[in-house]
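Worksheet: one structure, shown below.
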Amino acid sequence: MNLPDPLRIDRRLAIKWILAAGAGAVLLKGRAFGADGAGAPGGAGYGPDPDLMRAYKPGDYWPLTFTIAERRAAAALSDLVIPAGPLSPSASSVGVADFIDEWVSAPYPDNARDRGTIVAGLRWLDGASRTRAGAVFADSTDAQRQALCAEISLDAPAHTEAGTASRFFRSFRDLAAVGYYTTPVGMKEIGYVGNVPLARFEGPPADVIQRLGLADEVKW
Amino acid sequence: MAVVTPESAAQNYDVIVVGSGAAGGQSAYTLTMDGARVLMIEAGRDYDPRSETPMFQTPDAAPLRGAGTPDKPFGFFDATIDGGWSVPGEPYTNASTEGGRQFKWWRARMLGGRTNHWGRISLRNGPYDFKPRSRDGLGFDWPIAYEDVAPYYDKVEMLIGVYGTNEGLENTPNSPEGVLLPPPKARIGELLARQRGRSIGIPVVPAHRAVLSRALDHRSLPAKLHPGNAKAQRVLSEDMQNRAACFWATACGRGCAIRANYQSTTVHLPPAMATGNLDIVTKAMAREITVDAAGRATGVIYVDKTTGREHRASARVVVLAASACETVRILLNSKSALFPNGLGNSSGLVGKYIMDTVGASWGGNIPLLEDLPPHNEDGAGGDHVYTPWWLYKEQLAGKLGFARGYHVEFTTGRQMPQAYGAYGNDAGGRTSYGARLKEEARRHFGSYVSFTGRGEMIPNADSFCEIDPDVVDRWGIPVLRFHWKWSEHEIRQVAHMQRTFADWIAAMGCVSTRSPSPDGRRSIEPGGSIIHEVGGTLMGSAPSTSVTNSWSQTWDVKNVFVADGGVFASNADKNPTLTIMALAWRAADRILDEMRRGNL
């Protein structure tokens, strides 16, 4: 059987919230950025034998925990990460913010680790937006939001506020992308075709084989 | 006949089979089709893939978009229930805390065991694989040769349905004409890997997987499999007609409601139950084999997990098919005045020489595969092609620095997006987002290729399991304690895998800034990760040097057989399931013969 390989590697392994003591920890209403995490959620997961046949929605197994402010920030940020385009809607319209809330509220160790990153990051985002734009992230203008994201999308040294913000942004982006592209809307947008029964599997279309010069390889 | 309770089970059976996976399913199938009355004891719950398989569900219908969790390690929709590397209430321990010295033990507590979710890769061991010590002086020879097992490979392939081709490659046996089903067409990334692999001397051929690329021939196969047995032929013919051909959608790891791939629960157990000769008791945890004063097994004591009560089942023969390590555990816990060190353990070798498969991967983005027109690459729900080990001669000549080979499995294609993966291109020190992210995700989708090595581990004296003197499970049954160590052969093999794969993706046009570590210790998957554990009750040619004889029968107690991977004297790179089934069929034939002769 196949285990996740390095490319499929769990994105959670790549996302570690590192905050060195005294290395520019930003105080936000008296809280250190990256600390706190709004308390780890307790409770049980779905257990080793859940009903696989029913459809679930975020909140069915464990309560969602974003505050209203965090939820608004997450929705606004998810739409900036995955905006509507000519062919597909934005992230929040397919429930990506709900998914991220579900993710960071889940009682599993990896999720609890991400929770610190995401919840603290969203609070930092609102704080930074208030400082720069005079309003929380969701209430700032599109231009202001774009400016802030352009900044935190850049890699920055670890153990700095910018570095912490950058890592939060990448974690959030990864979660938003997972949340988006695992929906039927996102699958269509990315170009996934399948999950339908076929009488025959025909292999790649002739023009694709032609384009890559692989006609000689088709032996069976 | 059916799923029974401890109370409704019969007093006596011909055979008790412990376990219901590849080994238990095959044992029960062979025995019941020939008229033996069988009680199967399964530690997990009853499970019916026809009604419980989430075939077309998309990840947004699952918690956490279907991502793996400690409750469901391979994702929400994975067929495994009540299983994983940790099972609540059923601990195991490791003797060492040192890095690289642990073994992770996967269990699937459900009817059909891990056959419900496995990769369906079905490879025959070759002639070298049964006589490895004769070839390179390492490990152990089996007391049997490829020719002894070949007829059973034929039968298993005809029964379960395996697609693939006969390529005549070294130590990669052909099947007889007409046995294999036609392979599915290769995906575009697989074709590119084939073309570029050739330039660096690596062959790519159709995979062998237990998936029905067309319906089984229910008219001719039953007579080939059960000559002279009209009832078995009728039962099998009817059952084969209830297995549909693959409809080229949904991943095999979820299981298959239309019974197009092999699971014990869709292939072995339905016809076995249709004979009327099979009773199954589920949620029944086998604790020990009981023996009489003459040293013959009389049956099995098991715990009803629902009530916590102990029950005894009686039979003329006991077949252990509990998985290699669980079988070790049952034998070592079967202590009596006659067998103070556990049953079948006069050699002291029960639990010794456990092996897993060696695993490592490498891959990258292939620009040639970017931005292709969307097309359906679901296919057979798993690999369509693979690379058998191709460097036998170089290896024998001592040019590689490690003694045993590996095969290569592929991950390519435009598979349904999952809750992991690379959706952005974060080059240039910037996290990609916005319209650019959407454009990149679309362009990159399907352009990632990864190669996964699956290699042979040589049995060693430092890899074994024993009873932990201090720990019991929730039913009070002593648990296993593992000892583990890779040898330099496995470590160097992993380094070779990754170096080869890096060369291969480069030949496919991948431009990567990262490169694999030359130290295999950094990349080798931990012991038990690949879930191919075998050994612990090795078959051999003498009672002093092995646990079972060439018929998988314990030397010490002649009416106890081991049908699972425990008897493997080596663990070839070939995935063990097909060989487990072939040996289980062979052992069951032996049991039937010996019962007829009055020897059992």
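Residue numbering restarts at 1 for every chain of the structure tokens, chains are lettered A, B, ... in their displayed order, and ligands are numbered from 1 as they appear.
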
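Those residues that approach region 61-68 of chain A to within 6 Å, counting only C-alpha atoms, are Gly59, Glu70, Arg71, Asp101, Glu102 and Ser105 of chain A; same-chain residues fewer than 2 positions away are not listed.
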
Only N, CA and C atoms, please: the residues just picked out, written as a PDB file, in the first residue's frame.
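Output (selection29.pdb):
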```pdb
ATOM      1  N   GLY A  59     -18.909  20.908  12.078  1.00  0.00           N
ATOM      2  CA  GLY A  59     -19.693  21.063  13.294  1.00  0.00           C
ATOM      3  C   GLY A  59     -20.475  19.818  13.659  1.00  0.00           C
ATOM      4  N   GLU A  70     -13.047  36.185  14.384  1.00  0.00           N
ATOM      5  CA  GLU A  70     -12.131  35.258  13.700  1.00  0.00           C
ATOM      6  C   GLU A  70     -12.773  34.715  12.422  1.00  0.00           C
ATOM      7  N   ARG A  71     -14.040  34.428  12.509  1.00  0.00           N
ATOM      8  CA  ARG A  71     -14.742  33.897  11.338  1.00  0.00           C
ATOM      9  C   ARG A  71     -14.769  34.925  10.199  1.00  0.00           C
ATOM     10  N   ASP A 101     -12.398  26.462  10.201  1.00  0.00           N
ATOM     11  CA  ASP A 101     -12.887  26.440  11.584  1.00  0.00           C
ATOM     12  C   ASP A 101     -12.992  24.995  12.079  1.00  0.00           C
ATOM     13  N   GLU A 102     -13.582  24.137  11.255  1.00  0.00           N
ATOM     14  CA  GLU A 102     -13.678  22.710  11.607  1.00  0.00           C
ATOM     15  C   GLU A 102     -12.285  22.128  11.858  1.00  0.00           C
ATOM     16  N   SER A 105     -10.690  23.313  15.058  1.00  0.00           N
ATOM     17  CA  SER A 105     -11.489  22.944  16.227  1.00  0.00           C
ATOM     18  C   SER A 105     -11.464  21.450  16.509  1.00  0.00           C
TER      19      SER A 105
END
```

(Q) Would you pick out the contacts of region 283-300 of chain B at 8 Å or less, using only C-alpha atoms, so that residues sharing its chain but fewer than 4 positions from it are not included, and give the list as number ranges by chain? (A) B: 16, 18, 41-46, 304-306, 312-318, 330-331, 333-334, 336, 338, 343, 477, 557-560

(Q) If the cut-off is 6 Å, can you tell me the residues of chain B near chain A, counting only C-alpha atoms? I'd like them as an MDAnalysis selection string. (A) chainID B and resid 54 59:62 64 71 81:82 118:119 185 187:188 247:249 361 374:376 417 419:421 429:431 433:434 442

Please report, as CSV, each residue of region 111-188 of chain B lying at most 8 Å from region 540-544 of chain B, together with the nearest pair of atoms and the separation in Å rounded to one decimal; use only C-alpha atoms, and order rows by chain and ascending residue number.
```
residue,atom,partner,partner_atom,distance
B:Asp141,CA,B:Gly540,CA,7.8
B:Trp142,CA,B:Gly540,CA,6.0
B:Pro143,CA,B:Gly540,CA,5.2
```

How would the residues just chosen look if you wrote them out with N, CA and C atoms as a tab-separated table (two decimals), in the first residue's frame?
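And here is the file that came out, out_11.tsv:
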```
chain	number	residue	atom	x	y	z
B	141	ASP	N	16.88	-19.96	3.05
B	141	ASP	CA	16.11	-20.57	1.98
B	141	ASP	C	14.78	-21.07	2.52
B	142	TRP	N	13.77	-21.07	1.68
B	142	TRP	CA	12.52	-21.73	2.03
B	142	TRP	C	12.71	-23.24	1.77
B	143	PRO	N	11.90	-24.08	2.44
B	143	PRO	CA	11.99	-25.52	2.14
B	143	PRO	C	11.23	-25.88	0.86
```

Q: Using only C-alpha atoms, determine which residues lie at most 6 Å from Phe168 (chain A), disregarding the query and same-chain residues fewer than 3 positions distant; provide the list as a PyMOL selection string.
A: chain A and resi 117+121+165+171

Q. Mind pulling up the distance from CA of Gly83 (chain B) to CA of Pro70 (chain B)?
A.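 Interatomic distance, CA of Pro70 (chain B) to CA of Gly83 (chain B): 9.7 Å.
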
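Here CA of Leu583 (chain B) stands at a distance of 20.6 Å from CA of Leu111 (chain B).
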
Q) Which one of B:Arg65, B:Arg259, B:Lys399, B:Arg124 sits closest to Gly164 (chain B) if you count only C-alpha atoms? A)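 Looking at the shortest contact to Gly164 (chain B), the residue is B:Arg124.
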
**Q.** Which of region 113-292 of chain B fall in helix (DSSP H, G or I), as a PyMOL selection string
**A.** chain B and resi 113-116+127-130+132-136+146-160+188-199+221-225+230-241+252-254+264-274

Generate a file of the selected residues that holds C-alpha atoms, formatted as an mmCIF file, in the first residue's frame.
```
data_model
loop_
_atom_site.group_PDB
_atom_site.id
_atom_site.type_symbol
_atom_site.label_atom_id
_atom_site.label_comp_id
_atom_site.auth_asym_id
_atom_site.auth_seq_id
_atom_site.Cartn_x
_atom_site.Cartn_y
_atom_site.Cartn_z
ATOM 1 C CA GLY B 113 -9.002 -7.444 7.882
ATOM 2 C CA ARG B 114 -6.655 -5.313 5.870
ATOM 3 C CA THR B 115 -7.723 -6.876 2.553
ATOM 4 C CA ASN B 116 -10.485 -4.298 2.586
ATOM 5 C CA PRO B 127 12.492 -18.634 -8.144
ATOM 6 C CA TYR B 128 15.274 -16.594 -6.506
ATOM 7 C CA ASP B 129 12.865 -15.408 -3.817
ATOM 8 C CA PHE B 130 12.412 -18.908 -2.396
ATOM 9 C CA PRO B 132 17.810 -16.368 -1.445
ATOM 10 C CA ARG B 133 20.503 -17.868 0.770
ATOM 11 C CA SER B 134 21.600 -20.190 -2.017
ATOM 12 C CA ARG B 135 21.924 -17.155 -4.247
ATOM 13 C CA ASP B 136 23.784 -14.683 -2.053
ATOM 14 C CA TYR B 146 8.773 -21.622 -6.930
ATOM 15 C CA GLU B 147 7.534 -24.765 -8.693
ATOM 16 C CA ASP B 148 5.784 -25.909 -5.514
ATOM 17 C CA VAL B 149 3.812 -22.689 -5.269
ATOM 18 C CA ALA B 150 3.255 -21.910 -8.957
ATOM 19 C CA PRO B 151 0.081 -24.029 -9.311
ATOM 20 C CA TYR B 152 -1.397 -22.148 -6.370
ATOM 21 C CA TYR B 153 -0.453 -18.764 -7.790
ATOM 22 C CA ASP B 154 -2.330 -19.854 -10.914
ATOM 23 C CA LYS B 155 -5.385 -20.823 -8.920
ATOM 24 C CA VAL B 156 -5.443 -17.697 -6.769
ATOM 25 C CA GLU B 157 -5.069 -15.441 -9.790
ATOM 26 C CA MET B 158 -7.955 -17.209 -11.530
ATOM 27 C CA LEU B 159 -10.136 -16.999 -8.447
ATOM 28 C CA ILE B 160 -9.584 -13.387 -7.410
ATOM 29 C CA ILE B 188 -0.022 9.924 -19.507
ATOM 30 C CA GLY B 189 2.520 10.311 -16.699
ATOM 31 C CA GLU B 190 3.063 6.557 -16.693
ATOM 32 C CA LEU B 191 3.776 6.658 -20.431
ATOM 33 C CA LEU B 192 6.265 9.463 -19.973
ATOM 34 C CA ALA B 193 7.961 7.555 -17.144
ATOM 35 C CA ARG B 194 8.179 4.553 -19.444
ATOM 36 C CA GLN B 195 9.761 6.515 -22.273
ATOM 37 C CA ARG B 196 12.276 8.328 -20.070
ATOM 38 C CA GLY B 197 12.931 5.280 -17.904
ATOM 39 C CA ARG B 198 14.184 3.465 -20.959
ATOM 40 C CA SER B 199 16.848 6.125 -21.466
ATOM 41 C CA LEU B 221 -12.935 -20.983 -14.330
ATOM 42 C CA PRO B 222 -14.958 -22.914 -11.723
ATOM 43 C CA ALA B 223 -14.213 -26.250 -13.429
ATOM 44 C CA LYS B 224 -10.511 -25.404 -13.573
ATOM 45 C CA LEU B 225 -10.439 -24.474 -9.907
ATOM 46 C CA ALA B 230 -19.951 -30.013 -8.857
ATOM 47 C CA LYS B 231 -21.192 -28.149 -5.814
ATOM 48 C CA ALA B 232 -18.092 -25.973 -5.583
ATOM 49 C CA GLN B 233 -18.313 -25.215 -9.285
ATOM 50 C CA ARG B 234 -21.947 -24.180 -9.005
ATOM 51 C CA VAL B 235 -21.337 -22.001 -5.934
ATOM 52 C CA LEU B 236 -18.348 -20.299 -7.508
ATOM 53 C CA SER B 237 -20.004 -19.797 -10.860
ATOM 54 C CA GLU B 238 -22.964 -18.105 -9.209
ATOM 55 C CA ASP B 239 -20.717 -15.950 -7.093
ATOM 56 C CA MET B 240 -18.485 -14.895 -9.986
ATOM 57 C CA GLN B 241 -21.581 -13.628 -11.779
ATOM 58 C CA CYS B 252 -9.656 0.871 -4.375
ATOM 59 C CA GLY B 253 -8.595 1.804 -0.847
ATOM 60 C CA ARG B 254 -12.196 2.615 -0.022
ATOM 61 C CA SER B 264 -11.733 -11.287 1.448
ATOM 62 C CA THR B 265 -15.226 -9.999 2.211
ATOM 63 C CA THR B 266 -16.223 -9.786 -1.462
ATOM 64 C CA VAL B 267 -14.305 -12.697 -2.986
ATOM 65 C CA HIS B 268 -13.464 -15.429 -0.477
ATOM 66 C CA LEU B 269 -16.187 -15.240 2.119
ATOM 67 C CA PRO B 270 -19.380 -15.038 -0.011
ATOM 68 C CA PRO B 271 -18.835 -18.362 -1.812
ATOM 69 C CA ALA B 272 -17.482 -19.962 1.370
ATOM 70 C CA MET B 273 -20.660 -18.930 3.154
ATOM 71 C CA ALA B 274 -22.797 -20.107 0.244
#
```

Q: Kindly give the distance, in Å, that separates CA of Val281 (chain B) and CA of Thr5 (chain B), rounded to a single decimal.
A: 5.7 Å

(Q) If DSSP is run on the backbone, what residues of region 230-295 of chain B are strand (DSSP E)? A reply as an MDAnalysis selection string would be ideal. (A) chainID B and resid 278:281 284:291

**Q.** Spatial neighbours of Thr577 (chain B), 8 Å, only C-alpha atoms, chain gap at least 2 places, as a ChimeraX atom specification
**A.** /B:22,122,575,579-581

**Q.** Glu456 (chain B) surroundings by only C-alpha atoms, 6 Å radius, close-in-sequence under 6 positions cut, as an MDAnalysis selection string
**A.** chainID B and resid 357 404:405 571:573
